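Undergrad: Got entry.txt for you, compact mmCIF, C-alpha atoms (C1' of nucleotides):
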```
# COMPACT_ATOMS: atom_id res chain seq x y z
CA MET A 1 -22.76 -18.35 23.59
CA LYS A 2 -21.22 -20.11 26.57
CA ILE A 3 -23.39 -22.65 28.32
CA VAL A 4 -23.28 -24.44 31.65
CA PHE A 5 -25.52 -27.49 31.59
CA MET A 6 -27.24 -28.86 34.67
CA GLY A 7 -29.04 -32.19 34.65
CA THR A 8 -28.83 -35.79 35.73
CA PRO A 9 -30.83 -38.56 33.96
CA ASP A 10 -31.13 -39.75 30.36
CA TYR A 11 -33.69 -37.10 29.62
CA ALA A 12 -31.08 -34.44 30.34
CA ALA A 13 -28.19 -36.29 28.70
CA THR A 14 -30.02 -36.34 25.37
CA ALA A 15 -30.39 -32.57 25.48
CA LEU A 16 -26.77 -32.10 26.51
CA GLU A 17 -25.50 -34.17 23.64
CA ALA A 18 -27.69 -32.26 21.20
CA ILE A 19 -26.35 -28.95 22.45
CA ILE A 20 -22.78 -30.13 22.14
CA THR A 21 -23.38 -31.59 18.70
CA ALA A 22 -25.00 -28.35 17.60
CA GLY A 23 -21.69 -26.65 18.20
CA TYR A 24 -22.31 -24.67 21.37
CA GLU A 25 -19.53 -24.11 23.81
CA VAL A 26 -20.40 -25.98 26.98
CA THR A 27 -18.02 -24.74 29.64
CA GLY A 28 -19.22 -26.95 32.45
CA VAL A 29 -21.64 -29.74 33.36
CA VAL A 30 -23.32 -29.99 36.73
CA CYS A 31 -25.06 -33.14 37.94
CA GLN A 32 -25.92 -35.07 41.08
CA PRO A 33 -23.13 -36.93 42.90
CA ASP A 34 -22.56 -40.56 41.91
CA LYS A 35 -24.85 -42.90 43.77
CA PRO A 36 -24.67 -46.60 44.61
CA LYS A 37 -26.48 -48.64 42.04
CA GLY A 38 -27.59 -52.24 41.69
CA ARG A 39 -27.04 -55.15 44.07
CA SER A 40 -23.31 -54.75 44.14
CA GLY A 41 -23.71 -51.26 45.55
CA ALA A 42 -21.01 -49.88 43.30
CA LEU A 43 -21.09 -46.18 42.58
CA ALA A 44 -22.35 -45.31 39.14
CA ALA A 45 -22.10 -42.13 37.14
CA CYS A 46 -25.36 -40.61 35.92
CA PRO A 47 -26.05 -40.39 32.16
CA VAL A 48 -25.23 -36.69 32.07
CA LYS A 49 -21.85 -37.27 33.65
CA GLU A 50 -21.10 -40.04 31.20
CA CYS A 51 -21.96 -37.77 28.32
CA ALA A 52 -19.81 -34.98 29.73
CA LEU A 53 -16.84 -37.29 30.14
CA LYS A 54 -17.32 -38.59 26.63
CA TYR A 55 -16.79 -35.06 25.33
CA GLY A 56 -14.11 -34.25 27.86
CA LEU A 57 -16.13 -31.55 29.61
CA PRO A 58 -15.49 -30.54 33.22
CA VAL A 59 -18.01 -32.04 35.62
CA PHE A 60 -19.17 -30.55 38.91
CA GLN A 61 -21.18 -32.73 41.32
CA PRO A 62 -22.17 -30.71 44.37
CA GLU A 63 -24.01 -32.37 47.24
CA ARG A 64 -26.09 -29.20 47.58
CA ILE A 65 -25.81 -26.56 44.88
CA LYS A 66 -27.27 -23.91 47.21
CA ARG A 67 -24.29 -24.00 49.54
CA ALA A 68 -21.96 -21.04 49.41
CA GLU A 69 -18.90 -23.04 48.43
CA ALA A 70 -20.84 -24.70 45.60
CA VAL A 71 -22.02 -21.35 44.35
CA GLU A 72 -18.45 -20.08 44.38
CA GLU A 73 -17.34 -23.10 42.43
CA LEU A 74 -20.12 -22.53 39.94
CA LYS A 75 -18.95 -18.97 39.33
CA LYS A 76 -15.71 -20.31 37.94
CA PHE A 77 -17.47 -21.62 34.86
CA PRO A 78 -17.97 -18.82 32.33
CA ALA A 79 -21.55 -18.85 31.11
CA ASP A 80 -24.09 -16.72 29.31
CA VAL A 81 -26.87 -19.09 30.27
CA PHE A 82 -27.51 -22.11 32.46
CA VAL A 83 -29.52 -24.81 30.71
CA VAL A 84 -31.27 -27.00 33.27
CA ALA A 85 -33.04 -30.32 32.64
CA ALA A 86 -34.16 -32.66 35.40
CA PHE A 87 -31.27 -31.66 37.61
CA GLY A 88 -32.86 -32.77 40.85
CA GLN A 89 -31.88 -29.86 43.05
CA ILE A 90 -33.52 -26.51 43.61
CA LEU A 91 -31.54 -23.50 42.44
CA SER A 92 -31.24 -20.46 44.65
CA GLU A 93 -32.05 -16.92 43.60
CA GLU A 94 -28.36 -16.14 43.45
CA ILE A 95 -27.78 -18.89 40.91
CA LEU A 96 -30.86 -18.06 38.88
CA THR A 97 -29.58 -14.56 38.19
CA MET A 98 -25.93 -15.46 37.76
CA PRO A 99 -25.65 -15.71 33.94
CA LYS A 100 -26.66 -13.04 31.48
CA TYR A 101 -29.67 -14.92 30.14
CA GLY A 102 -30.52 -16.51 33.46
CA CYS A 103 -31.50 -20.15 33.80
CA ILE A 104 -33.43 -21.90 31.10
CA ASN A 105 -35.28 -25.11 31.97
CA ILE A 106 -36.40 -27.88 29.64
CA HIS A 107 -39.48 -29.23 31.38
CA ALA A 108 -41.19 -32.46 30.29
CA SER A 109 -44.77 -31.26 30.17
CA LEU A 110 -46.91 -28.55 28.66
CA LEU A 111 -46.78 -26.01 31.45
CA PRO A 112 -48.57 -24.89 33.51
CA LYS A 113 -49.81 -28.46 33.68
CA TYR A 114 -47.71 -31.08 35.44
CA ARG A 115 -45.21 -28.93 37.19
CA GLY A 116 -42.82 -30.88 39.36
CA ALA A 117 -40.63 -33.94 39.38
CA ALA A 118 -42.63 -36.65 37.59
CA PRO A 119 -44.71 -35.01 34.85
CA ILE A 120 -44.17 -37.80 32.34
CA GLN A 121 -45.57 -40.65 34.38
CA TRP A 122 -48.46 -38.74 35.88
CA CYS A 123 -49.85 -37.54 32.60
CA ILE A 124 -50.05 -41.15 31.41
CA VAL A 125 -51.69 -42.23 34.64
CA ASP A 126 -54.20 -39.40 34.26
CA GLY A 127 -55.05 -40.50 30.74
CA GLU A 128 -53.96 -37.32 28.98
CA GLN A 129 -54.14 -37.36 25.18
CA GLU A 130 -51.05 -35.25 24.70
CA THR A 131 -48.17 -33.72 26.54
CA GLY A 132 -44.95 -32.08 25.45
CA VAL A 133 -41.90 -30.15 26.47
CA THR A 134 -41.69 -26.55 27.62
CA ILE A 135 -38.67 -24.33 27.64
CA MET A 136 -39.06 -21.75 30.34
CA GLN A 137 -37.23 -18.94 32.04
CA MET A 138 -36.69 -20.24 35.55
CA ASP A 139 -37.76 -18.23 38.56
CA ALA A 140 -37.86 -18.93 42.26
CA GLY A 141 -40.92 -21.18 42.15
CA ILE A 142 -40.98 -24.81 41.02
CA ASP A 143 -41.61 -24.75 37.28
CA THR A 144 -43.45 -21.45 37.54
CA GLY A 145 -41.34 -19.30 35.23
CA ASP A 146 -42.36 -17.68 31.98
CA ILE A 147 -42.91 -19.97 29.02
CA LEU A 148 -40.59 -19.33 26.08
CA PHE A 149 -41.12 -22.23 23.68
CA THR A 150 -43.19 -25.40 23.64
CA ARG A 151 -43.58 -28.51 21.57
CA THR A 152 -46.48 -30.92 21.74
CA VAL A 153 -46.14 -34.69 21.73
CA PRO A 154 -49.12 -37.04 21.44
CA ILE A 155 -49.59 -39.86 23.93
CA THR A 156 -50.49 -43.15 22.28
CA LYS A 157 -52.65 -45.90 23.69
CA GLU A 158 -49.56 -48.04 24.11
CA GLU A 159 -47.44 -45.36 25.73
CA THR A 160 -45.36 -46.29 28.75
CA GLY A 161 -43.39 -44.07 31.06
CA GLY A 162 -40.26 -45.30 29.36
CA SER A 163 -41.38 -44.75 25.81
CA LEU A 164 -42.71 -41.29 26.56
CA PHE A 165 -39.48 -40.48 28.32
CA ASP A 166 -37.64 -41.24 25.11
CA LYS A 167 -39.98 -39.16 22.97
CA LEU A 168 -39.86 -36.17 25.26
CA SER A 169 -36.10 -36.45 25.56
CA ARG A 170 -35.78 -36.12 21.82
CA ALA A 171 -38.37 -33.36 21.62
CA GLY A 172 -36.63 -31.47 24.39
CA ALA A 173 -33.25 -31.87 22.75
CA GLU A 174 -34.53 -30.57 19.43
CA LEU A 175 -36.39 -27.69 20.99
CA ILE A 176 -33.50 -26.43 23.07
CA VAL A 177 -31.21 -26.43 20.06
CA GLU A 178 -33.75 -24.36 18.15
CA ALA A 179 -34.37 -22.11 21.12
CA LEU A 180 -30.83 -21.14 22.02
CA PRO A 181 -30.18 -18.88 19.01
CA LYS A 182 -33.54 -17.21 19.50
CA ILE A 183 -32.79 -16.61 23.13
CA GLU A 184 -29.47 -15.06 22.23
CA ALA A 185 -31.15 -12.88 19.62
CA GLY A 186 -34.00 -11.89 21.91
CA ASP A 187 -36.36 -13.43 19.41
CA PHE A 188 -39.10 -14.66 21.72
CA THR A 189 -42.02 -13.49 23.81
CA PRO A 190 -42.18 -14.70 27.39
CA GLN A 191 -45.60 -15.85 28.37
CA LYS A 192 -46.87 -15.91 31.94
CA GLN A 193 -48.25 -19.18 33.17
CA ASP A 194 -51.95 -19.36 33.90
CA GLU A 195 -51.99 -20.32 37.55
CA ALA A 196 -55.60 -21.47 37.33
CA GLN A 197 -54.60 -24.17 34.85
CA SER A 198 -51.62 -25.44 36.81
CA ASN A 199 -51.26 -28.71 38.65
CA TYR A 200 -48.40 -30.49 40.30
CA ALA A 201 -46.87 -33.85 39.40
CA ARG A 202 -45.20 -34.88 42.61
CA MET A 203 -42.18 -37.11 42.71
CA LEU A 204 -42.98 -40.80 42.38
CA LYS A 205 -42.59 -43.12 45.31
CA LYS A 206 -42.36 -46.88 45.17
CA GLU A 207 -45.81 -47.18 46.70
CA ASP A 208 -47.36 -45.19 43.88
CA GLY A 209 -47.09 -48.38 41.86
CA GLU A 210 -49.28 -50.48 44.13
CA ILE A 211 -52.47 -51.43 42.35
CA VAL A 212 -55.75 -50.62 44.05
CA TRP A 213 -58.17 -53.15 42.61
CA HIS A 214 -61.18 -51.05 43.45
CA SER A 215 -60.13 -48.63 40.73
CA THR A 216 -61.51 -49.06 37.24
CA ALA A 217 -59.80 -51.36 34.76
CA GLU A 218 -58.93 -48.33 32.61
CA GLU A 219 -57.28 -46.54 35.50
CA ILE A 220 -55.26 -49.58 36.44
CA GLU A 221 -54.20 -50.16 32.86
CA ARG A 222 -52.94 -46.59 32.71
CA LEU A 223 -51.10 -47.05 35.98
CA VAL A 224 -49.40 -50.12 34.54
CA ARG A 225 -48.18 -48.10 31.57
CA GLY A 226 -47.27 -44.96 33.48
CA MET A 227 -45.26 -46.75 36.16
CA ASN A 228 -43.31 -48.75 33.58
CA PRO A 229 -40.34 -49.07 33.90
CA TRP A 230 -40.21 -47.45 37.33
CA PRO A 231 -41.51 -47.91 39.97
CA SER A 232 -43.68 -50.45 38.10
CA ALA A 233 -47.26 -51.38 38.91
CA TYR A 234 -47.50 -54.21 41.39
CA THR A 235 -49.78 -56.19 43.61
CA PHE A 236 -49.34 -59.23 45.83
CA TYR A 237 -50.03 -62.92 45.41
CA ASN A 238 -49.50 -65.39 48.24
CA GLY A 239 -47.55 -62.81 50.12
CA LYS A 240 -45.15 -62.18 47.28
CA GLN A 241 -44.89 -59.15 45.09
CA LEU A 242 -46.27 -59.55 41.61
CA LYS A 243 -45.42 -56.88 39.07
CA ILE A 244 -47.77 -56.26 36.17
CA TRP A 245 -45.87 -55.08 33.13
CA LYS A 246 -48.54 -55.15 30.49
CA ALA A 247 -52.29 -55.45 30.55
CA GLU A 248 -55.43 -54.43 28.76
CA ALA A 249 -58.73 -53.22 30.11
CA LEU A 250 -61.83 -55.19 29.15
CA ALA A 251 -65.22 -53.57 29.33
CA GLU A 252 -66.86 -56.80 30.41
CA SER A 253 -69.25 -56.55 33.29
CA THR A 254 -67.78 -57.71 36.54
CA ASN A 255 -69.91 -60.40 38.07
CA ASP A 256 -70.29 -60.00 41.78
CA LEU A 257 -66.74 -61.04 42.50
CA GLN A 258 -64.55 -58.97 44.81
CA PRO A 259 -62.05 -56.67 43.09
CA GLY A 260 -58.69 -58.40 42.89
CA THR A 261 -60.17 -61.83 42.22
CA ILE A 262 -58.97 -63.84 39.26
CA SER A 263 -62.07 -64.35 37.16
CA GLY A 264 -60.60 -66.28 34.29
CA ILE A 265 -57.48 -67.80 32.82
CA GLY A 266 -57.24 -67.80 29.07
CA LYS A 267 -54.86 -68.35 26.23
CA SER A 268 -53.25 -64.93 26.16
CA GLY A 269 -53.49 -63.98 29.79
CA PHE A 270 -55.49 -64.04 33.00
CA ASP A 271 -58.32 -61.76 33.99
CA ILE A 272 -58.68 -59.87 37.24
CA VAL A 273 -61.82 -58.24 38.53
CA CYS A 274 -61.53 -54.50 39.08
CA GLY A 275 -63.82 -51.95 40.67
CA ASN A 276 -65.29 -51.53 37.23
CA GLY A 277 -64.37 -53.75 34.31
CA ILE A 278 -61.76 -56.44 34.05
CA LEU A 279 -58.01 -56.22 33.67
CA ARG A 280 -56.41 -58.83 31.43
CA VAL A 281 -52.78 -59.31 32.42
CA LEU A 282 -50.49 -59.96 29.45
CA GLU A 283 -47.05 -59.68 31.01
CA ALA A 284 -46.07 -60.16 34.64
CA GLN A 285 -43.19 -60.83 36.98
CA MET A 286 -43.20 -62.74 40.24
CA GLU A 287 -40.85 -61.63 42.99
CA GLY A 288 -37.46 -63.23 42.44
CA LYS A 289 -38.40 -64.28 38.92
CA LYS A 290 -37.91 -62.79 35.55
CA ARG A 291 -40.39 -60.69 33.70
CA MET A 292 -42.36 -62.93 31.34
CA SER A 293 -45.39 -63.11 29.10
CA ALA A 294 -48.64 -64.23 30.67
CA VAL A 295 -48.48 -67.37 28.51
CA ASP A 296 -45.18 -68.40 30.07
CA PHE A 297 -46.36 -67.26 33.46
CA LEU A 298 -49.43 -69.46 33.22
CA ASN A 299 -47.46 -72.49 32.06
CA GLY A 300 -46.02 -72.81 35.51
CA ARG A 301 -49.67 -73.10 36.58
CA VAL A 302 -49.31 -71.05 39.73
CA LEU A 303 -52.64 -69.30 39.40
CA ALA A 304 -56.19 -70.56 39.69
CA VAL A 305 -59.55 -68.95 39.06
CA GLY A 306 -60.88 -67.54 42.30
CA ASP A 307 -57.47 -66.66 43.74
CA ARG A 308 -57.15 -63.18 45.15
CA LEU A 309 -54.53 -60.58 44.43
CA GLY A 310 -53.59 -57.59 46.54
C1' C B 1 -18.55 -58.78 51.73
C1' G B 2 -26.56 -54.93 52.91
C1' C B 3 -31.14 -58.78 52.99
C1' A B 4 -33.49 -62.62 50.16
C1' G B 5 -35.26 -66.08 46.10
C1' G B 6 -33.49 -68.61 41.78
C1' G B 7 -30.40 -71.10 37.78
C1' U B 8 -33.71 -78.52 35.53
C1' A B 9 -36.00 -80.19 27.51
C1' G B 10 -37.45 -73.96 23.04
C1' U B 11 -40.38 -71.50 27.22
C1' G B 12 -42.49 -71.64 32.29
C1' U B 13 -42.52 -74.80 36.51
C1' A B 14 -42.15 -79.93 39.66
C1' A B 15 -39.11 -83.38 41.99
C1' C B 16 -34.84 -81.10 46.09
C1' U B 17 -35.96 -85.44 54.14
C1' G B 18 -29.88 -88.32 48.42
C1' G B 19 -31.72 -94.19 45.05
C1' C B 20 -38.10 -95.89 40.84
C1' A B 21 -36.71 -95.02 33.21
C1' A B 22 -35.96 -86.53 35.98
C1' A B 23 -42.55 -85.22 36.15
C1' C B 24 -46.26 -81.35 34.37
C1' A B 25 -47.82 -77.37 31.25
C1' U B 26 -46.96 -75.02 26.82
C1' G B 27 -44.29 -75.03 22.30
C1' U B 28 -42.16 -77.96 18.05
C1' C B 29 -42.71 -82.24 14.54
C1' G B 30 -45.97 -86.41 12.62
C1' G B 31 -50.93 -88.35 12.35
C1' G B 32 -56.34 -88.24 13.27
C1' U B 33 -61.29 -85.80 13.90
C1' U B 34 -63.79 -81.39 11.52
C1' C B 35 -66.60 -77.34 6.30
C1' A B 36 -62.91 -75.05 9.25
C1' U B 37 -60.16 -73.29 13.59
C1' A B 38 -56.64 -70.55 18.37
C1' C B 39 -60.86 -76.59 20.13
C1' C B 40 -60.25 -81.95 20.65
C1' C B 41 -57.72 -87.06 20.25
C1' C B 42 -53.18 -90.26 19.31
C1' G B 43 -47.93 -90.45 18.78
C1' A B 44 -42.73 -88.56 18.50
C1' A B 45 -38.51 -85.71 19.18
C1' G B 46 -36.33 -82.70 22.83
C1' A B 47 -32.34 -82.21 29.55
C1' U B 48 -24.71 -84.55 29.91
C1' U B 49 -30.33 -80.77 35.92
C1' G B 50 -25.32 -72.95 35.11
C1' C B 51 -19.85 -74.29 35.60
C1' G B 52 -15.76 -76.72 38.57
C1' G B 53 -14.51 -79.82 42.58
C1' G B 54 -15.75 -82.96 46.89
C1' U B 55 -18.59 -86.70 50.11
C1' U B 56 -21.10 -91.51 48.69
C1' C B 57 -22.31 -97.99 46.34
C1' A B 58 -25.56 -93.89 44.44
C1' A B 59 -26.53 -86.53 43.86
C1' A B 60 -30.88 -82.32 40.38
C1' U B 61 -31.08 -83.44 45.62
C1' C B 62 -25.56 -82.87 50.75
C1' C B 63 -20.66 -79.74 51.24
C1' C B 64 -16.96 -76.04 49.11
C1' G B 65 -15.81 -72.73 45.22
C1' U B 66 -17.23 -69.87 40.92
C1' C B 67 -20.32 -67.34 37.15
C1' C B 68 -25.14 -65.39 35.98
C1' C B 69 -30.42 -63.82 36.89
C1' U B 70 -34.26 -61.55 40.00
C1' G B 71 -37.08 -58.98 44.24
C1' C B 72 -36.09 -55.68 48.43
C1' A B 73 -32.99 -52.12 50.49
C1' A B 74 -29.84 -48.06 48.94
```
Could I get this structure in the form of structure tokens?

TA:
Amino acid sequence: MKIVFMGTPDYAATALEAIITAGYEVTGVVCQPDKPKGRSGALAACPVKECALKYGLPVFQPERIKRAEAVEELKKFPADVFVVAAFGQILSEEILTMPKYGCINIHASLLPKYRGAAPIQWCIVDGEQETGVTIMQMDAGIDTGDILFTRTVPITKEETGGSLFDKLSRAGAELIVEALPKIEAGDFTPQKQDEAQSNYARMLKKEDGEIVWHSTAEEIERLVRGMNPWPSAYTFYNGKQLKIWKAEALAESTNDLQPGTISGIGKSGFDIVCGNGILRVLEAQMEGKKRMSAVDFLNGRVLAVGDRLG
RNA sequence: CGCAGGGUAGUGUAACUGGCAAACAUGUCGGGUUCAUACCCCGAAGAUUGCGGGUUCAAAUCCCGUCCCUGCAA
């Protein structure tokens, strides 16, 4: 079975490598154009491109895959199926029906929940107990196609966006390798998504990481984990950005202090009053400084009880 | 050459209008107090101040170059 793979980040690269390693013939790899990265502004290849180059596969990086010339280019790659994972561009109807088996997507959630661009982070922020990966037959909507195969992955209390990304990448890679032969053999039963159960995980913006201290300590703690490593949960102190990398929610009653006030400075961290409960910060990073443990952070004695954040 | 902050004892910071033995916190080691401890007290070790060069009687501090780190923007 000939495959054209479409994807961009690590999540997709893991699946691509698994497909290649499993022995499938990948005739082409499509990913987003190289983008400037880091302070130097140098162009950098995405993980999928790097993987493709490593195996000497042809790479196609269209600005807009919907354009006629891009579609023509795409037709040059022989394929029985397009496998898509976090590609970052919407496919047109013409592309969706191009290969014999259509387009198969590896989505990082248990559909119909968390359709959209950032399912991994949002399900942590929402406090879900479990998530997973879904392999679906793509249709014109955004993550609305029929479900073919799924795999569940539990979300731990320590889970971060980054760690869950890794887990789902591996789960997705394993599942697609198991699914491909079944798809070729017609050994599966498409299942319609229950629209009533669906919700949408919109793309993350930088501002989604800003901490609202009126929220509960639990909610903020989940935000800290979900936004790690990007865009990261942050607040402000003395006009400078302060990122919170790790924290724990304490059930302690909040006196009558305003949310965002530092209520205590201890051995392992410092406590901040929330709308309900207290957030104990264990790892933080001041603008321009390195990420460090709260112990190190406190040694510089920048903070004082009563100071306000936000 | 996108904007900006920073590189000082193991770690985090101070001093940076040039000149007291480079300060503080924490950590480490030794000792003491205690039934005991993450508490407390006393003491010690630990820094050629990123690297190279320059100005000067004198530089962490000023100038030039270079390497690295970080936030923002992309």

Undergrad: With chain A as the partner and 12 Å as the cut-off, tabulate the residues of chain B that qualify, each row holding the nearest pair of atoms and their distance in Å to one decimal, using only C-alpha atoms (C1' of nucleotides), sorted by chain and rising number, as a tab-separated table.

TA:
```
residue	atom	partner	partner_atom	distance
B:C1	C1'	A:Ser40	CA	9.8
B:G2	C1'	A:Gly41	CA	8.7
B:C3	C1'	A:Arg39	CA	10.5
B:A4	C1'	A:Gly288	CA	8.7
B:G5	C1'	A:Gly288	CA	5.1
B:G6	C1'	A:Gly288	CA	6.7
B:G7	C1'	A:Lys289	CA	10.6
B:G10	C1'	A:Asp296	CA	11.8
B:U11	C1'	A:Asp296	CA	6.4
B:G12	C1'	A:Asp296	CA	4.8
B:U13	C1'	A:Gly300	CA	4.1
B:A14	C1'	A:Gly300	CA	9.1
B:C24	C1'	A:Gly300	CA	8.6
B:A25	C1'	A:Asn299	CA	5.0
B:U26	C1'	A:Asn299	CA	5.8
B:G27	C1'	A:Asp296	CA	10.3
B:A38	C1'	A:Lys267	CA	8.4
B:C39	C1'	A:Lys267	CA	11.9
B:C69	C1'	A:Lys290	CA	7.7
B:U70	C1'	A:Gly288	CA	4.4
B:G71	C1'	A:Gly288	CA	4.6
B:C72	C1'	A:Glu287	CA	9.4
B:A73	C1'	A:Arg39	CA	9.3
B:A74	C1'	A:Pro36	CA	6.9
```

Undergrad: Neighbouring residues of A22 in chain B were defined as those with any atom within 12 Å, considering only C-alpha atoms (C1' of nucleotides); residues of the same chain fewer than 4 positions away were excluded. Please report them as a list in words.

TA: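 Listing them by chain and then by number gives U8, A9, A14, A15, C16, A47, U49, A60 and U61 of chain B.
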
Undergrad: If we draw a sphere of 10 Å around (-20.7, -38.1, 24.8), which residues have at least one atom in it when counting all atoms listed in the file? Please report them as an MDAnalysis selection string.

TA: chainID A and resid 13:14 16:18 20:21 47:57

Undergrad: Between CA of Thr144 in chain A and CA of Gly102 in chain A, what is the distance in Å, rounded to a tenth?

TA: 14.4 Å

Undergrad: Skipping near chain neighbours, those fewer than 2 positions away, what residues fall within 9 Å of Arg64 in chain A using only C-alpha atoms (C1' of nucleotides), listed as a short mmCIF file (atom, residue, chain, number, x, y, z; two decimals) with C-alpha atoms, keeping the file's coordinate frame?

TA:
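Ended up saving to around.cif:
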```
data_model
loop_
_atom_site.label_atom_id
_atom_site.label_comp_id
_atom_site.auth_asym_id
_atom_site.auth_seq_id
_atom_site.Cartn_x
_atom_site.Cartn_y
_atom_site.Cartn_z
CA GLN A 32 -25.92 -35.07 41.08
CA GLN A 61 -21.18 -32.73 41.32
CA PRO A 62 -22.17 -30.71 44.37
CA LYS A 66 -27.27 -23.91 47.21
CA ARG A 67 -24.29 -24.00 49.54
CA ALA A 70 -20.84 -24.70 45.60
CA GLN A 89 -31.88 -29.86 43.05
CA ILE A 90 -33.52 -26.51 43.61
#
```

Undergrad: Using only C-alpha atoms, which of A:Glu25, A:Glu207, A:Lys246, A:Trp213 sits nearest Val273 in chain A?

TA: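 So, comparing all the options, the nearest one is A:Trp213.
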
Undergrad: Near Ser253 in chain A, counting all atoms listed in the file, which residues have an atom at most 10 Å away, once you skip same-chain residues fewer than 2 positions from it, shown as an NGL selection string?

TA: :A and (250-251 or 255-256 or 273-274 or 276-278)

Undergrad: Find the smallest box with edges along x, y and z containing every listed atom of range 149-154 of chain A, then add 4 Å on each side and report centre and edge lengths in Å to one decimal, as AutoDock Vina command-line options.

TA:
```
--center_x -45.1 --center_y -29.6 --center_z 22.6 --size_x 16.0 --size_y 22.8 --size_z 10.2
```

Undergrad: Find the residues around G54 in chain B up to 12 Å (only C-alpha atoms (C1' of nucleotides) counted), leave out those fewer than 2 positions away in its own chain, and share them as JSON, numbers by chain.

TA: {"B": [52, 56, 59, 62, 63, 64, 65]}

Undergrad: Determine the nearest neighbour of Met203 in chain A from the options A:Val224, A:Ile262, A:Ile19, A:Ala118, counting all atoms listed in the file.

TA: A:Ala118

Undergrad: Go through A:Thr134, A:Thr27, A:Gln258, A:Ser163 one by one, measure the shortest atom-to-atom distance of each to Ile147 in chain A using only C-alpha atoms, and give the residue with the smallest value.

TA: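 For Ile147 in chain A, the nearest of the candidates is A:Thr134.
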
Undergrad: Report as a ChimeraX atom specification all protein, DNA and RNA residues lying within 10 Å of Gly264 in chain A, evaluated on only C-alpha atoms (C1' of nucleotides), omitting residues in the same chain fewer than 3 positions from it.

TA: /A:261,269-273,278,280,303-307

Undergrad: Just to confirm, what's the straight-line distance from CA of Gly209 in chain A to CA of Glu63 in chain A in Å (one decimal)?

TA: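 Distance reported for this atom pair: 28.6 Å.
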